[in-house]
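Structure file run_30.cif with mmCIF, C-alpha atoms (C1' of nucleotides):
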data_data
#
loop_
_atom_site.label_atom_id
_atom_site.label_comp_id
_atom_site.auth_asym_id
_atom_site.auth_seq_id
_atom_site.Cartn_x
_atom_site.Cartn_y
_atom_site.Cartn_z
CA MET A 1 30.21 21.16 45.18
CA LYS A 2 33.79 22.24 45.62
CA VAL A 3 35.90 20.98 42.76
CA ALA A 4 38.57 23.55 41.90
CA ARG A 5 41.04 22.36 44.45
CA VAL A 6 44.69 23.32 44.31
CA ARG A 7 47.03 21.16 42.30
CA ARG A 8 50.04 19.24 43.50
CA SER A 9 52.36 21.70 41.74
CA PHE A 10 51.28 24.42 44.19
CA PHE A 11 53.32 22.70 46.88
CA GLU A 12 56.45 22.38 44.75
CA GLY A 13 57.60 25.93 45.43
CA GLU A 14 60.10 27.11 48.00
CA PRO A 15 58.67 26.29 51.47
CA LEU A 16 58.37 29.85 52.76
CA GLU A 17 56.68 30.87 49.51
CA VAL A 18 54.17 28.04 49.90
CA GLY A 19 53.41 29.19 53.44
CA ARG A 20 52.95 32.76 52.26
CA SER A 21 50.83 31.72 49.26
CA LEU A 22 48.42 29.77 51.44
CA ILE A 23 47.34 33.08 52.99
CA GLY A 24 44.02 34.06 51.43
CA MET A 25 43.14 30.55 50.29
CA GLU A 26 40.05 28.80 51.55
CA LEU A 27 40.28 25.72 53.73
CA GLY A 28 37.09 23.73 53.97
CA SER A 29 35.81 20.51 55.37
CA ASP A 30 32.83 18.55 54.19
CA LEU A 31 32.31 16.13 57.01
CA SER A 32 29.05 14.39 57.82
CA LYS A 33 27.45 16.29 54.91
CA SER A 34 27.91 19.53 56.82
CA GLY A 35 30.40 21.83 55.19
CA CYS A 36 32.29 24.60 56.87
CA GLY A 37 35.40 26.57 56.19
CA GLY A 38 37.21 29.85 56.13
CA LEU A 39 39.90 31.96 54.58
CA ILE A 40 43.42 31.24 55.78
CA VAL A 41 44.73 34.36 57.54
CA GLU A 42 47.76 32.98 59.41
CA THR A 43 50.35 30.27 58.69
CA GLU A 44 53.72 29.08 59.94
CA VAL A 45 56.33 27.14 58.03
CA TYR A 46 58.25 24.30 59.64
CA MET A 47 61.35 23.34 57.71
CA GLY A 48 62.78 19.86 57.58
CA PRO A 49 65.68 18.27 59.50
CA GLU A 50 67.52 21.57 60.04
CA ASP A 51 64.67 23.31 61.85
CA ARG A 52 64.88 22.66 65.57
CA ALA A 53 61.20 23.51 65.99
CA SER A 54 60.16 20.97 63.36
CA HIS A 55 58.97 17.47 64.08
CA ALA A 56 61.36 16.51 61.29
CA TRP A 57 64.36 17.81 63.30
CA LYS A 58 67.31 15.50 62.72
CA ALA A 59 65.08 13.60 60.32
CA ARG A 60 63.74 11.61 63.24
CA ARG A 61 60.73 9.58 62.21
CA THR A 62 58.12 8.11 64.51
CA ALA A 63 54.66 6.65 64.01
CA ARG A 64 53.24 10.09 64.77
CA THR A 65 55.31 11.90 62.13
CA GLU A 66 55.13 9.34 59.35
CA VAL A 67 52.76 11.45 57.22
CA LEU A 68 55.09 14.45 57.58
CA PHE A 69 57.76 12.49 55.74
CA GLY A 70 55.33 11.40 53.04
CA PRO A 71 54.47 13.14 49.74
CA ARG A 72 53.27 16.72 49.29
CA GLY A 73 49.70 17.89 49.67
CA TYR A 74 48.63 15.64 52.52
CA SER A 75 47.30 16.71 55.89
CA TYR A 76 49.54 16.18 58.91
CA VAL A 77 47.39 16.23 62.05
CA PHE A 78 49.02 15.74 65.45
CA GLN A 79 48.00 16.07 69.06
CA ILE A 80 49.63 18.72 71.23
CA TYR A 81 49.58 19.23 75.01
CA GLY A 82 47.56 16.09 75.33
CA MET A 83 44.31 17.77 74.38
CA HIS A 84 44.53 19.85 71.20
CA TYR A 85 45.28 19.05 67.59
CA CYS A 86 47.19 21.00 64.95
CA PHE A 87 46.60 20.84 61.20
CA ASN A 88 49.45 21.10 58.68
CA VAL A 89 49.90 20.56 54.96
CA VAL A 90 53.01 18.67 53.89
CA SER A 91 54.97 20.79 51.39
CA SER A 92 58.07 18.71 50.69
CA PRO A 93 58.83 15.56 48.68
CA GLU A 94 58.96 12.20 50.39
CA GLY A 95 61.53 11.85 53.14
CA VAL A 96 62.10 15.59 53.86
CA GLY A 97 59.46 16.66 56.37
CA GLU A 98 58.59 20.28 55.63
CA ALA A 99 55.05 21.46 56.38
CA VAL A 100 52.87 24.53 56.77
CA LEU A 101 50.87 24.90 59.98
CA ILE A 102 47.48 26.56 59.48
CA ARG A 103 47.11 28.84 62.49
CA ALA A 104 43.94 30.87 61.89
CA LEU A 105 40.93 31.23 59.61
CA GLU A 106 38.41 33.95 58.90
CA PRO A 107 35.18 31.92 59.14
CA THR A 108 33.07 32.01 55.97
CA GLU A 109 30.98 28.86 55.75
CA GLY A 110 29.07 26.72 58.21
CA ILE A 111 29.33 29.33 60.94
CA GLU A 112 26.54 27.82 63.03
CA LEU A 113 28.16 24.40 63.01
CA MET A 114 31.50 25.87 64.02
CA GLU A 115 29.86 27.85 66.82
CA LYS A 116 28.31 24.65 68.07
CA ARG A 117 31.58 22.75 68.00
CA ARG A 118 33.45 25.59 69.70
CA HIS A 119 30.78 26.51 72.23
CA THR A 120 31.13 30.20 71.42
CA TYR A 121 29.40 32.79 69.30
CA VAL A 122 32.36 35.14 69.24
CA ARG A 123 33.14 35.20 65.52
CA ARG A 124 36.66 36.47 65.83
CA SER A 125 37.51 33.67 68.29
CA LEU A 126 36.03 30.77 66.33
CA CYS A 127 39.16 29.88 64.38
CA SER A 128 41.82 32.22 65.84
CA GLY A 129 44.38 29.55 66.72
CA PRO A 130 45.59 26.18 65.43
CA GLY A 131 43.69 24.18 68.04
CA LYS A 132 40.58 26.29 67.70
CA LEU A 133 40.23 25.97 63.94
CA VAL A 134 40.79 22.23 64.06
CA ARG A 135 37.98 21.93 66.59
CA ALA A 136 35.70 24.25 64.66
CA MET A 137 36.24 22.42 61.39
CA GLY A 138 35.67 19.00 62.88
CA ILE A 139 39.19 17.85 61.98
CA THR A 140 40.37 14.85 63.99
CA ARG A 141 43.34 12.54 64.00
CA ALA A 142 41.33 10.36 61.62
CA LEU A 143 42.05 12.95 58.92
CA ASN A 144 45.81 12.65 59.32
CA GLY A 145 47.14 11.69 55.89
CA THR A 146 44.19 13.06 53.91
CA SER A 147 44.95 14.39 50.42
CA LEU A 148 44.18 18.07 49.87
CA ILE A 149 44.90 18.20 46.16
CA ASP A 150 43.59 17.42 42.71
CA THR A 151 40.80 14.92 43.18
CA TYR A 152 37.65 15.08 45.20
CA SER A 153 36.35 11.77 46.45
CA ALA A 154 34.44 10.31 49.36
CA SER A 155 37.67 9.69 51.21
CA THR A 156 39.17 13.15 50.66
CA ARG A 157 37.00 15.38 52.77
CA LEU A 158 39.21 18.39 53.17
CA TYR A 159 39.85 20.91 50.42
CA LEU A 160 41.91 23.97 49.59
CA LEU A 161 40.68 26.55 47.08
CA PRO A 162 42.82 29.22 45.41
CA ALA A 163 42.48 32.75 46.79
CA THR A 164 39.80 34.83 45.09
CA ASP A 165 40.45 38.10 46.90
CA THR A 166 44.12 39.02 47.18
CA ALA A 167 43.68 42.64 48.25
CA PHE A 168 45.57 42.39 51.54
CA ASP A 169 49.06 42.89 52.90
CA ILE A 170 51.02 40.05 54.51
CA ILE A 171 53.12 40.51 57.63
CA THR A 172 56.17 38.27 58.05
CA THR A 173 57.28 37.59 61.61
CA THR A 174 58.49 34.94 64.07
CA ARG A 175 56.64 31.78 65.04
CA ILE A 176 54.54 31.47 68.18
CA GLY A 177 54.83 29.12 71.12
CA ILE A 178 58.25 27.66 70.38
CA THR A 179 61.63 28.01 72.07
CA GLN A 180 63.98 26.46 69.52
CA GLY A 181 64.18 28.48 66.31
CA ALA A 182 62.12 31.27 67.86
CA ASP A 183 64.01 33.98 65.98
CA LEU A 184 63.25 32.70 62.48
CA PRO A 185 60.76 34.73 60.35
CA TYR A 186 58.60 31.81 59.32
CA ARG A 187 55.16 33.14 60.30
CA PHE A 188 52.77 34.97 57.95
CA TYR A 189 49.48 36.71 58.62
CA VAL A 190 47.03 39.12 57.02
CA LYS A 191 47.77 42.65 58.15
CA GLY A 192 44.88 44.05 60.16
CA SER A 193 42.84 40.83 60.23
CA LEU A 194 40.51 40.41 63.20
CA TYR A 195 40.86 36.66 63.00
CA ILE A 196 44.54 35.98 63.65
CA SER A 197 45.71 34.26 66.84
CA ARG A 198 47.99 37.09 67.96
CA LYS A 199 49.69 40.20 66.73
"C1'" DG B 1 60.85 2.74 83.63
"C1'" DC B 2 60.60 7.50 84.93
"C1'" DT B 3 60.63 12.41 84.00
"C1'" DG B 4 60.01 16.71 81.68
"C1'" DG B 5 58.72 19.50 77.88
"C1'" DG B 6 55.76 20.66 73.96
"C1'" DA B 7 53.73 24.20 67.00
"C1'" DT B 8 47.50 25.26 72.99
"C1'" DC B 9 43.46 26.92 75.17
"C1'" DG B 10 40.33 28.81 78.56
"C1'" DC B 11 39.70 30.28 83.07
"C1'" DC B 12 41.52 32.71 86.94
"C1'" DT B 13 43.41 36.89 89.21
"C1'" DG C 1 49.90 37.40 83.06
"C1'" DG C 2 49.78 32.78 85.10
"C1'" DC C 3 48.33 28.09 85.42
"C1'" DG C 4 46.35 23.48 84.88
"C1'" DA C 5 44.67 19.92 81.79
"C1'" DT C 6 46.70 15.65 79.71
"C1'" DC C 7 49.14 12.60 75.87
"C1'" DC C 8 53.18 11.59 73.05
"C1'" DC C 9 57.83 11.00 72.84
"C1'" DA C 10 62.85 11.92 73.76
"C1'" DG C 11 66.47 11.45 76.93
"C1'" DC C 12 68.46 9.30 80.54
"C1'" DG C 13 69.51 5.36 83.26
#
Will you turn the file into structure tokens for me?
Amino acid sequence: MKVARVRRSFFEGEPLEVGRSLIGMELGSDLSKSGCGGLIVETEVYMGPEDRASHAWKARRTARTEVLFGPRGYSYVFQIYGMHYCFNVVSSPEGVGEAVLIRALEPTEGIELMEKRRHTYVRRSLCSGPGKLVRAMGITRALNGTSLIDTYSASTRLYLLPATDTAFDIITTTRIGITQGADLPYRFYVKGSLYISRK
DNA sequence: GCTGGGATCGCCT
DNA sequence: GGCGATCCCAGCG
């Protein structure tokens, strides 16, 4: 049983530091009594109203982004390109809208289940992208607004565990797939990892 | 009310 | 490397 989840205070740091600190942590899901998860090897930070790439740009709120403007430590899951989903963790206090996008995992648990969900046995491709890891982990829009901190209960089925192995270097670079704010160094990944979405 | 673009992925050449 | 799939929402009228 996973119990040592991260605490709310983890998300109270400076946004870019939170994004960087998530590297090496374990993200897991325990859905339908079948756990799976992996080590976070790639993240991107989306700032609040001032970040043109952020859904919180101009502090515009919609039904879709409501969770993004909620309290820290909750999952923000949204659909992209009509067919994929992205998973974020809200890292700002209520009303601000900063979040960290989880972009890639090194698979560690429930590999067979993730292979089944992804229809591939290629380990390095299982979770090497935001849409891929969401599919592999069984994360759906139903998990939008799920707490990732402190308590573990029947309704909180996603968890984050502190990094156990921190013997890696982190590369800081620009975010992927955006046009606005494309020059900002808000992306982090594990140097040399086989499991990142792109160099 | 219509149109175009988006924090993607997998298949094609 | 290029492209289509396919939904949400912003911008325009």
(message) Just want the 9 Å neighbourhood of DC9 of chain B, counted on all atoms listed in the file, with same-chain residues fewer than 4 positions away dropped. Output as a ChimeraX atom specification.
(response) /A:84,129,131-132
Residues near DC9 of chain C, anyone? I mean within 12 Å using only C-alpha atoms (C1' of nucleotides), not counting same-chain ones fewer than 4 positions away, as a PDB file with C-alpha atoms (C1' of nucleotides), keeping the file's coordinate frame.
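Result file is selection_8.pdb:
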ATOM      1  CA  HIS A  55      58.970  17.470  64.080  1.00  0.00           C
ATOM      2  CA  ARG A  60      63.740  11.610  63.240  1.00  0.00           C
ATOM      3  CA  ARG A  61      60.730   9.580  62.210  1.00  0.00           C
ATOM      4  CA  THR A  62      58.120   8.110  64.510  1.00  0.00           C
ATOM      5  CA  ALA A  63      54.660   6.650  64.010  1.00  0.00           C
ATOM      6  CA  ARG A  64      53.240  10.090  64.770  1.00  0.00           C
ATOM      7  CA  THR A  65      55.310  11.900  62.130  1.00  0.00           C
ATOM      8  CA  GLN A  79      48.000  16.070  69.060  1.00  0.00           C
ATOM      9  CA  ILE A  80      49.630  18.720  71.230  1.00  0.00           C
ATOM     10  CA  TYR A  81      49.580  19.230  75.010  1.00  0.00           C
ATOM     11  CA  GLY A  82      47.560  16.090  75.330  1.00  0.00           C
TER      12      GLY A  82
ATOM     13  C1'  DT B   3      60.630  12.410  84.000  1.00  0.00           C
ATOM     14  C1'  DG B   4      60.010  16.710  81.680  1.00  0.00           C
ATOM     15  C1'  DG B   5      58.720  19.500  77.880  1.00  0.00           C
ATOM     16  C1'  DG B   6      55.760  20.660  73.960  1.00  0.00           C
TER      17       DG B   6
END
(message) With 8 Å as the limit and counting only C-alpha atoms (C1' of nucleotides), what residues in chain C lie close to chain A? Please list them as a PyMOL selection string.
(response) chain C and resi 5-8
(request) Tell me, in Å to one decimal, how far atom CA of Arg7 of chain A is from atom CA of Met25 of chain A. (result) 12.9 Å
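What the PyMOL selection byres ((chain B and resi 12) around 10) grabs from this file is DG10, DC11 and DT13 of chain B; DG2 and DC3 of chain C.
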(message) What's the separation between atom CA of Phe69 of chain A and atom CA of Cys127 of chain A, in Å to one decimal place?
(response)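 Computed distance, atom CA of Phe69 of chain A to atom CA of Cys127 of chain A, equals 26.9 Å.
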(message) On this structure, the PyMOL selection byres ((chain A and resi 173) around 8) would catch which residues? List them as a PyMOL selection string, sorted by chain and number.
(response) chain A and resi 171-172+174-175+184-188
(message) For this structure, which residues satisfy the selection - the PyMOL selection byres ((chain A and resi 149) around 6) - when it is evaluated on the file as given? I want them as a list in words.
(response)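 When the PyMOL selection byres ((chain A and resi 149) around 6) is applied to the shown file, the picked residues are Arg5, Val6, Arg7, Arg8, Gly73, Ser147, Leu148 and Asp150 of chain A.
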(request) Tell me, as a PyMOL selection string, which residues lie within 12 Å of Leu68 of chain A, counting only C-alpha atoms (C1' of nucleotides); anything in the same chain fewer than 6 positions away does not count. (result) chain A and resi 46-49+54-57+59-62+74-78+87-101+144-146
Generate a file of the selected residues that holds C-alpha atoms, formatted as a tab-separated table (two decimals), keeping the file's coordinate frame.
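This went into out_1.tsv:
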chain	number	residue	atom	x	y	z
A	46	TYR	CA	58.25	24.30	59.64
A	47	MET	CA	61.35	23.34	57.71
A	48	GLY	CA	62.78	19.86	57.58
A	49	PRO	CA	65.68	18.27	59.50
A	54	SER	CA	60.16	20.97	63.36
A	55	HIS	CA	58.97	17.47	64.08
A	56	ALA	CA	61.36	16.51	61.29
A	57	TRP	CA	64.36	17.81	63.30
A	59	ALA	CA	65.08	13.60	60.32
A	60	ARG	CA	63.74	11.61	63.24
A	61	ARG	CA	60.73	9.58	62.21
A	62	THR	CA	58.12	8.11	64.51
A	74	TYR	CA	48.63	15.64	52.52
A	75	SER	CA	47.30	16.71	55.89
A	76	TYR	CA	49.54	16.18	58.91
A	77	VAL	CA	47.39	16.23	62.05
A	78	PHE	CA	49.02	15.74	65.45
A	87	PHE	CA	46.60	20.84	61.20
A	88	ASN	CA	49.45	21.10	58.68
A	89	VAL	CA	49.90	20.56	54.96
A	90	VAL	CA	53.01	18.67	53.89
A	91	SER	CA	54.97	20.79	51.39
A	92	SER	CA	58.07	18.71	50.69
A	93	PRO	CA	58.83	15.56	48.68
A	94	GLU	CA	58.96	12.20	50.39
A	95	GLY	CA	61.53	11.85	53.14
A	96	VAL	CA	62.10	15.59	53.86
A	97	GLY	CA	59.46	16.66	56.37
A	98	GLU	CA	58.59	20.28	55.63
A	99	ALA	CA	55.05	21.46	56.38
A	100	VAL	CA	52.87	24.53	56.77
A	101	LEU	CA	50.87	24.90	59.98
A	144	ASN	CA	45.81	12.65	59.32
A	145	GLY	CA	47.14	11.69	55.89
A	146	THR	CA	44.19	13.06	53.91
Find the axis-aligned box for chain C, covering all its listed atoms and adding 3 Å on each side, and write its centre and edge lengths in Å to one decimal as AutoDock Vina command-line options.
--center_x 57.1 --center_y 21.4 --center_z 79.1 --size_x 30.8 --size_y 38.0 --size_z 18.6
(request) Could you give me, as a VMD selection string, the residues within 9 Å of Ser197 of chain A, counting all atoms listed in the file and dropping anything in the same chain fewer than 2 positions from it? (result) chain A and resid 42 103 to 104 125 127 to 130 194 to 195 199
(request) Please work out which residues fall within 8 Å of (50.7, 26.8, 72.1), coordinates as given in the file, with all atoms listed in the file counting, and return them as a list in words. (result) Ile176, Gly177 and Ile178 of chain A; DA7, DT8 and DC9 of chain B
(request) Could you tell me how far atom CA of Phe10 of chain A lies from atom CA of Leu160 of chain A, in Å and to one decimal? (result) 10.8 Å
(message) My list of candidates is A:Thr164, A:Ile102, A:Tyr121, A:Ser9. Which is closest to chain B when distances are computed with only C-alpha atoms (C1' of nucleotides)?
(response) A:Ile102
Given the point (66.5, 2.8, 85.8) in the coordinates of this file, which residues lie within 10 Å, counting only C-alpha atoms (C1' of nucleotides), and how would they look as a PDB file with C-alpha atoms (C1' of nucleotides), in the coordinates of the input?
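out-v4.pdb was written with the following content:
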ATOM      1  C1'  DG B   1      60.850   2.740  83.630  1.00  0.00           C
ATOM      2  C1'  DC B   2      60.600   7.500  84.930  1.00  0.00           C
TER       3       DC B   2
ATOM      4  C1'  DC C  12      68.460   9.300  80.540  1.00  0.00           C
ATOM      5  C1'  DG C  13      69.510   5.360  83.260  1.00  0.00           C
TER       6       DG C  13
END
(message) Ranking A:Gly192, A:Pro162, A:Gly181, A:Gly19 by minimum distance to Arg52 of chain A and counting all atoms listed in the file, which one comes first?
(response) A:Gly181
